[in-house]
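Worksheet for the structure shown next.
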Amino acid sequence: MSIKSLFARFRAWQRQPFSYGKVSSDVHHCLNCGYDYTGNYCSRCGQEADTRRLDWHVIGDGLLDVFDVEKRSLPLTIWHLLFRPGYLISDYLDGRRRNCYSPVMLIFILSIVFAFVDKMNSAGSTAEVQQEVTTVTDAFSHLGNVAWYFLINSLFLIPPTWILFRHAPRHTRHTLSEDFFIQMFIGSQMILLNMLVFILPFNVILALLLLLFLFSYAPVFGYGIWGTVWRSAACMFAAVVVPQAIMICIDWAMGNMVIDAFARERLLMAVGAIMAVVVGYFIGQHTERRRLDP
């Protein structure tokens, strides 16, 4: 089989990864509740129609049920999040959620796992240097040592994503609540990729993060490569720099920080990020109007 055909099969799997069997039209008698019904499952208690005597196949099914491999499973969702992230998010927005693990639960579980792995990794290193936390900025930097940093960054990604992708060809006029779930998936991807920091250089991780946004946002919103790249870059820039600028302003107002060259650089970058988002919003509005004009 050629590489081209393999890639075509992979793309087809990305678009439609699940296959569903036909619904039985036979009348079944439920062994659990005694109800007579048609279909593959009892409409009263939910037991499967093909329930049979206990054999080796039932043992295998029981082992799969331990890890919930086939239904809303955590491993299955992580697999799809790595190899078809944009399509998974798009499916979730379109209501195809039966086979997807809860994105809110997913990011919290991955955050706990990452924090545990990070703690185990740092335990084998030299003695940790205890730093005194005196400002909001120091507290956020300290928080960056654990995975909750990614959760907070995901929340800061919601406003720029909502603004810059508001007039996208797909999922047009998406809401802030929908963006919340999008960023829960994105945050989970960020945590998974950052787990590779223990074995890969940081620059490689950063490049993978940029590709993450491209392969996630493009299928969800339907822009081309360059349209997705500049919007994604503006979103990342705003989500990282603007919160830092806000914390610097809070510390400065409380008298805990002097506005030095580093702080001024962050404030100027924040202004640039906001301007990029605003300009992008007006460009998107103009493009939308031009597309709608006859």
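Simple scheme: letters A, B, ... for chains in structure tokens order, numbers from 1 for residues in each chain, numbers from 1 for ligands in the order shown.
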For this session: Can you list, as a ChimeraX atom specification, all residues belonging to region 4-120 of chain A that DSSP tags as helix (DSSP H, G or I)?
Result: /A:4-15,56-67,74-83,85-93,103-120
Problem set entry | His29 (chain A) surroundings by only C-alpha atoms, 10 Å radius, close-in-sequence under 4 positions cut, as a PyMOL selection string | chain A and resi 33-38+42+49
Store the residues of this selection in a file with N, CA, C and O atoms, as a CSV table (one decimal), in the first residue's frame.
```csv
chain,number,residue,atom,x,y,z
A,33,CYS,N,-35.0,-7.2,33.2
A,33,CYS,CA,-36.3,-6.6,33.7
A,33,CYS,C,-37.5,-7.3,33.1
A,33,CYS,O,-38.6,-7.0,33.6
A,34,GLY,N,-37.3,-8.2,32.1
A,34,GLY,CA,-38.5,-8.9,31.6
A,34,GLY,C,-39.3,-8.2,30.6
A,34,GLY,O,-40.4,-8.6,30.2
A,35,TYR,N,-38.8,-7.1,30.1
A,35,TYR,CA,-39.5,-6.2,29.1
A,35,TYR,C,-39.3,-6.7,27.7
A,35,TYR,O,-38.2,-7.1,27.4
A,36,ASP,N,-40.3,-6.7,26.9
A,36,ASP,CA,-40.2,-7.1,25.5
A,36,ASP,C,-40.0,-5.8,24.6
A,36,ASP,O,-40.8,-4.8,24.8
A,37,TYR,N,-39.0,-5.8,23.8
A,37,TYR,CA,-38.7,-4.5,23.1
A,37,TYR,C,-38.0,-4.9,21.7
A,37,TYR,O,-37.7,-6.0,21.5
A,38,THR,N,-37.9,-3.9,20.9
A,38,THR,CA,-37.2,-4.0,19.6
A,38,THR,C,-36.0,-3.0,19.7
A,38,THR,O,-36.0,-2.0,20.3
A,42,CYS,N,-32.4,-2.6,25.7
A,42,CYS,CA,-33.7,-2.6,26.4
A,42,CYS,C,-34.0,-1.1,26.7
A,42,CYS,O,-33.2,-0.4,27.3
A,49,ALA,N,-29.1,-6.4,24.0
A,49,ALA,CA,-30.0,-7.4,23.5
A,49,ALA,C,-29.2,-8.7,23.4
A,49,ALA,O,-29.8,-9.8,23.4
```
Exercise. Nearest to Gln16 (chain A) among A:Val241, A:Val104, A:Leu88, A:Ala218, with distances taken over only C-alpha atoms: which residue is it?
Worked result: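 Closest to Gln16 (chain A), using only C-alpha atoms: A:Leu88.
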For this session: Have a look at A:Ile152, A:Ile191, A:Leu164, A:Ile89 and name the one nearest to Ile112 (chain A); count only C-alpha atoms.
Result: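 Once distances to Ile112 (chain A) are computed over only C-alpha atoms, the minimum belongs to A:Ile191.
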For this session: In Å, rounded to a single decimal, give me how far CA of Pro159 (chain A) is from CA of Phe181 (chain A).
Result: 12.7 Å
Exercise. Near Leu212 (chain A), counting only C-alpha atoms, which residues have an atom at most 12 Å away, once you skip same-chain residues fewer than 3 positions from it, shown as a PyMOL selection string?
Worked result: chain A and resi 81-86+185-194+205-209+215-219+228-229+232-233+236
Restricting the output to N, CA, C and O atoms, write the selected residues as a CSV table (one decimal), in the first residue's frame.
```
chain,number,residue,atom,x,y,z
A,81,LEU,N,-7.7,13.1,20.5
A,81,LEU,CA,-7.2,14.4,20.8
A,81,LEU,C,-5.8,14.6,20.2
A,81,LEU,O,-5.4,15.7,19.8
A,82,LEU,N,-5.0,13.6,20.1
A,82,LEU,CA,-3.7,13.7,19.6
A,82,LEU,C,-3.6,13.6,18.0
A,82,LEU,O,-2.8,14.2,17.4
A,83,PHE,N,-4.5,12.7,17.4
A,83,PHE,CA,-4.4,12.4,16.0
A,83,PHE,C,-5.5,13.0,15.2
A,83,PHE,O,-5.4,13.0,13.9
A,84,ARG,N,-6.6,13.5,15.8
A,84,ARG,CA,-7.7,14.2,15.0
A,84,ARG,C,-8.3,15.3,15.9
A,84,ARG,O,-9.5,15.3,16.2
A,85,PRO,N,-7.4,16.2,16.5
A,85,PRO,CA,-7.9,17.1,17.5
A,85,PRO,C,-9.0,18.0,17.0
A,85,PRO,O,-10.1,18.2,17.6
A,86,GLY,N,-8.8,18.6,15.8
A,86,GLY,CA,-9.8,19.6,15.3
A,86,GLY,C,-11.2,18.9,15.0
A,86,GLY,O,-12.2,19.4,15.3
A,185,PHE,N,-10.4,21.4,25.5
A,185,PHE,CA,-9.7,20.5,24.7
A,185,PHE,C,-8.2,21.0,24.4
A,185,PHE,O,-7.3,20.2,24.5
A,186,ILE,N,-8.1,22.3,24.0
A,186,ILE,CA,-6.8,22.8,23.7
A,186,ILE,C,-5.9,22.7,25.0
A,186,ILE,O,-4.7,22.3,24.9
A,187,GLY,N,-6.4,23.1,26.1
A,187,GLY,CA,-5.6,23.0,27.4
A,187,GLY,C,-5.2,21.5,27.6
A,187,GLY,O,-4.0,21.3,28.1
A,188,SER,N,-6.0,20.6,27.4
A,188,SER,CA,-5.6,19.2,27.5
A,188,SER,C,-4.5,18.8,26.6
A,188,SER,O,-3.6,18.1,27.0
A,189,GLN,N,-4.6,19.3,25.4
A,189,GLN,CA,-3.5,19.0,24.4
A,189,GLN,C,-2.2,19.6,24.9
A,189,GLN,O,-1.1,19.0,24.8
A,190,MET,N,-2.3,20.9,25.4
A,190,MET,CA,-1.1,21.5,25.9
A,190,MET,C,-0.4,20.7,27.0
A,190,MET,O,0.8,20.6,27.1
A,191,ILE,N,-1.2,20.2,27.9
A,191,ILE,CA,-0.7,19.4,29.0
A,191,ILE,C,0.0,18.1,28.5
A,191,ILE,O,1.1,17.7,28.9
A,192,LEU,N,-0.7,17.4,27.5
A,192,LEU,CA,-0.1,16.2,27.0
A,192,LEU,C,1.2,16.5,26.3
A,192,LEU,O,2.2,15.7,26.4
A,193,LEU,N,1.3,17.6,25.5
A,193,LEU,CA,2.5,17.9,24.8
A,193,LEU,C,3.6,18.3,25.8
A,193,LEU,O,4.8,17.9,25.6
A,194,ASN,N,3.3,19.0,26.8
A,194,ASN,CA,4.3,19.4,27.8
A,194,ASN,C,4.8,18.3,28.7
A,194,ASN,O,5.8,18.4,29.3
A,205,ILE,N,9.1,21.4,21.8
A,205,ILE,CA,7.8,21.4,22.4
A,205,ILE,C,7.1,22.7,21.9
A,205,ILE,O,5.9,22.6,21.6
A,206,LEU,N,7.8,23.8,21.9
A,206,LEU,CA,7.2,25.1,21.4
A,206,LEU,C,6.7,24.9,20.0
A,206,LEU,O,5.6,25.4,19.6
A,207,ALA,N,7.5,24.3,19.1
A,207,ALA,CA,7.0,24.1,17.7
A,207,ALA,C,5.8,23.2,17.6
A,207,ALA,O,4.9,23.4,16.9
A,208,LEU,N,5.8,22.2,18.5
A,208,LEU,CA,4.6,21.3,18.5
A,208,LEU,C,3.4,22.0,19.0
A,208,LEU,O,2.3,21.7,18.5
A,209,LEU,N,3.5,22.9,19.9
A,209,LEU,CA,2.4,23.7,20.4
A,209,LEU,C,1.8,24.6,19.3
A,209,LEU,O,0.6,24.7,19.2
A,215,PHE,N,-3.5,22.5,13.7
A,215,PHE,CA,-4.3,21.3,13.4
A,215,PHE,C,-5.6,21.2,14.2
A,215,PHE,O,-6.5,20.4,13.8
A,216,SER,N,-5.7,22.0,15.2
A,216,SER,CA,-7.0,22.1,16.0
A,216,SER,C,-7.9,23.1,15.4
A,216,SER,O,-9.1,22.8,15.2
A,217,TYR,N,-7.5,24.3,15.2
A,217,TYR,CA,-8.3,25.4,14.8
A,217,TYR,C,-8.8,25.3,13.3
A,217,TYR,O,-9.9,25.7,13.0
A,218,ALA,N,-7.9,24.8,12.4
A,218,ALA,CA,-8.3,24.7,11.0
A,218,ALA,C,-9.5,23.9,10.7
A,218,ALA,O,-10.4,24.3,10.1
A,219,PRO,N,-9.6,22.6,11.2
A,219,PRO,CA,-10.8,21.8,11.0
A,219,PRO,C,-12.1,22.4,11.7
A,219,PRO,O,-13.2,22.2,11.2
A,228,THR,N,-5.6,30.6,9.5
A,228,THR,CA,-5.5,30.0,10.8
A,228,THR,C,-4.3,30.4,11.5
A,228,THR,O,-4.3,30.6,12.7
A,229,VAL,N,-3.1,30.5,10.8
A,229,VAL,CA,-1.8,30.7,11.5
A,229,VAL,C,-1.8,32.1,12.2
A,229,VAL,O,-1.5,32.2,13.3
A,232,SER,N,-4.3,32.2,15.1
A,232,SER,CA,-3.9,31.4,16.2
A,232,SER,C,-2.7,32.0,16.9
A,232,SER,O,-2.6,32.0,18.2
A,233,ALA,N,-1.8,32.6,16.1
A,233,ALA,CA,-0.6,33.3,16.8
A,233,ALA,C,-1.1,34.5,17.6
A,233,ALA,O,-0.6,34.7,18.7
A,236,MET,N,-2.6,33.1,20.9
A,236,MET,CA,-1.6,32.7,21.8
A,236,MET,C,-0.9,33.9,22.4
A,236,MET,O,-0.6,33.9,23.6
```
For this session: Please indicate the distance in Å from CA of Ile78 (chain A) to CA of Asp50 (chain A), rounded to one decimal place.
Result: 29.3 Å
Exercise. Smallest atom-to-atom distance to Ile109 (chain A): which of A:Ile158, A:Cys45, A:Met254, A:Met184, using only C-alpha atoms?
Worked result: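 Under the stated criterion, the closest residue is A:Met184.
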Problem set entry | Point-to-point distance in Å for CA of His167 (chain A) and CA of Ala12 (chain A) |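 About the pair CA of Ala12 (chain A) and CA of His167 (chain A): they are 26.8 Å apart.
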For this session: For Leu176 (chain A), please output as a ChimeraX atom specification all residues within 12 Å (counting only C-alpha atoms; exclusion window: fewer than 4 positions along the same chain).
Result: /A:155-163,165-166,180-183
For the selection you just gave me, I'd like the residues written to a file as an mmCIF file, in the first residue's frame, keeping C-alpha atoms.
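And here's part-v4.cif as it stands now:
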```
data_model
loop_
_atom_site.group_PDB
_atom_site.id
_atom_site.type_symbol
_atom_site.label_atom_id
_atom_site.label_comp_id
_atom_site.auth_asym_id
_atom_site.auth_seq_id
_atom_site.Cartn_x
_atom_site.Cartn_y
_atom_site.Cartn_z
ATOM 1 C CA LEU A 155 -9.368 30.425 30.063
ATOM 2 C CA PHE A 156 -7.441 33.465 28.803
ATOM 3 C CA LEU A 157 -7.622 32.025 25.276
ATOM 4 C CA ILE A 158 -11.432 32.219 25.236
ATOM 5 C CA PRO A 159 -11.907 35.984 24.497
ATOM 6 C CA PRO A 160 -9.372 36.292 21.616
ATOM 7 C CA THR A 161 -10.589 33.060 20.034
ATOM 8 C CA TRP A 162 -14.189 34.248 20.242
ATOM 9 C CA ILE A 163 -13.266 37.591 18.618
ATOM 10 C CA PHE A 165 -12.827 33.369 14.756
ATOM 11 C CA ARG A 166 -16.251 34.967 15.085
ATOM 12 C CA PHE A 180 -14.925 27.415 26.800
ATOM 13 C CA PHE A 181 -15.214 23.771 25.736
ATOM 14 C CA ILE A 182 -12.852 24.371 22.797
ATOM 15 C CA GLN A 183 -10.208 25.664 25.180
#
```
